[in-house]
Amino acid sequence: MDGDGMKACPSCGEIRPVGEFMQNRRKCRKCLKEYQREYRLANHEKIKGYYREYQLANQEKIKEQRREYRLANQEKIKERGREYYIANQEKIKEKDREYRLANQEKIKEKKRKYQLANQEKIKEKKREYWLANQEKIKERQRKYQLANPEKYKERQRKYINRLSDGYVRIMLRQSKISDSSPEVIDLKREQVLLRREIKQFKQEVGNGTAGTGDL
Ligand SMILES: [Zn+2]
């Protein structure tokens, strides 16, 4: 039936060059493709089931294959991720925002747990970061302070009010004050705050941005 390189497709009835057939297939490529498409559509659930079963039975193998693929294609994956992010930035940001809004409590709880479990690591990381970026951080603080004097003052107040009594007691001892009654502790807090405000004021004056209203 494929006498001079031609073959008849039983599905569409056309007589086509053998090149348009896959080896050992009766239907032509076009019909085969159509048939596969219809089969997939008609057996969507069944195919999904097979796939799930396969995944379940080969979890370890699949994991290992993925790991190998990731290792061998690190750069490609990174590049693809970057491209995807750039192309979908707005969508991703919006999704992120939505997720965070809907899962505020869950996220907080997760963060709390992580921080509790990694206290030492976090402390060490912070210290390392600070050491490596001291100048940058100080400069940023100075700029923030100058640009937002009221906010900065408010922050300082909050920070100092949060200092534990024990910590303030140590400060008192360093200043050779033996009385550490609650009143004295509060006074010390006020003093620390005042000192910081004076320092800030001096900086503002030094920079020529201080208003005379504060005087
Ligand atoms: Zn055909």
# chains A, B, ... in the order shown; residues from 1 in each chain; ligands from 1
>>> residues_near_ligand(ligand="ligand 1", cutoff="12 Å", atoms="only C-alpha atoms and all ligand atoms", output="VMD selection string")
chain A and resid 7 to 18 20 to 22 25 to 35
>>> closest_residue(among="A:Arg112, A:Arg40, A:Arg196, A:Lys93", to="Arg155 of chain A", atoms="only C-alpha atoms")
A:Arg196
>>> residues_around(residues="Glu183 of chain A", least_positions_apart="5", cutoff="12 Å", atoms="only C-alpha atoms", output="JSON, numbers by chain")
{"A": [165, 168, 169, 188, 189, 190]}
>>> closest_residue(among="A:Arg157, A:Arg80, A:Lys125, A:Lys176", to="Gln191 of chain A", atoms="only C-alpha atoms")
A:Arg157
>>> atom_distance(atom1="atom CA of Val184 of chain A", atom2="atom CA of Pro149 of chain A")
27.8 Å
>>> atom_distance(atom1="atom CA of Gln203 of chain A", atom2="atom CA of Glu154 of chain A")
16.8 Å
>>> select_by_dssp(residues="chain A", states="helix (DSSP H, G or I)", output="number ranges by chain")
A: 18-20, 29-42, 44-57, 59-72, 74-102, 104-117, 119-147, 149-162, 165-174, 182-207, 212-214
>>> atom_distance(atom1="atom CA of Gly206 of chain A", atom2="atom CA of Glu139 of chain A")
15.1 Å
>>> closest_residue(among="A:Val205, A:Met171, A:Leu194, A:Ile107", to="Gln156 of chain A", atoms="only C-alpha atoms")
A:Leu194
